[in-house]
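I have placed the structure first, in the form of structure tokens, so that the comments after it can refer back to it.
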Amino acid sequence: ALSLVLALAVFLVGCAGGTAIIPPTHPADSEAEEYSVYTALIEGKFQLDKVQLVVIEDHTSCLVTSGGMSEQLDTIRKNLVLDASTVQDYGARNAQSQPLKNQFNLPVKTVLISDQETQELLKSRDGWNEFYARYPNSPGRMMLSKVGFNSRMDEALVYMGNQSWSLAGAGYYVLLTKQKGVWTIKSSTMVWIS
């Protein structure tokens with residue numbers, strides 16, 4: 001039993017930079033809620049009527065800065081007004097990169113891309129041209145974190161990054177709220193731009 005507790009503690013430290021965070025428990029349908037948040041986020045940030053394809057990394061992005069997860073959580077707390085349980089859950093759920101499923105309910109086709117494929121496509125000088133030859137009419141390559149929820153499951157925090165050319169991209173922390181069963185973007189803060 002002690003080894004199981006130690007293994008769990010090591011797992012939770014992961015990207016968290018040495019700070020173990022205990023995740024709150026959620027209903028069994030939290031995965032469905034997570035994909036509802038992703039869908040609302042992507043629809044809210046992109047004009048999907050102008051694209052035919054959304055390309056998303058197949059694993060969540062941790063966006064670890066040199067200060068680790070604690071610095072990341074401090075940035076979130078300073079720039080967004082949100083429930084403490086949302087920040088705690090975000091930190092716990094993003095302790096390690098996790099696979100995403102193609103369960104996005106978008107009005108356009110969605111493709112998951114591996115890190116290996118991304119690196120192969122973008123390793124040459126013409127990498128972005130090769131990317132768009134393979135994935136035409138897309139807004140580039142999107143990165144998503146796991147979604148952190150508050151204890152009532154009506155507030156959500158997620159990181160979203162998108163790179164469309166070598167020097168054209170940005171990353172955001174986005175706060176969404178759920179009212180009358182619908183997730184909408186409440187606010188966001190940019191954390192990088194290229």
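Labels for the structure tokens follow display order: chains A, B, ..., residues from 1 in each chain, ligands from 1.
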ask   = Hey, what does DSSP flag as strand (DSSP E) within region 9-194 of chain A? Can you give it to me as a PyMOL selection string?
value = chain A and resi 53-57+109-113+141-144+148-149+155-165+168-179+182-193
Review point. What lies within 12 Å of Arg125 (chain A) using only C-alpha atoms, ignoring chain neighbours under 5 positions off, as an MDAnalysis selection string?
Key: chainID A and resid 120 130:131 165:166
Neighbours of Asp58 (chain A) within 9 Å (only C-alpha atoms; same-chain residues fewer than 6 positions away dropped), as a PyMOL selection string? chain A and resi 98-102+111-115+143
query: Contacts of Ile42 (chain A) at 12 Å or less, counting only C-alpha atoms, minus same-chain residues fewer than 6 places along, as a list in words?
result: Tyr35, Ser36, Leu48, Val51, Leu53, Val54, Val55, Ile56, Phe104, Asn105, Leu106, Pro107, Val108, Thr110, Pro139, Met142, Met143, Leu144, Val158, Tyr159, Met160, Gly161, Asn162, Val174, Leu176, Trp183, Thr184 and Ile185 of chain A
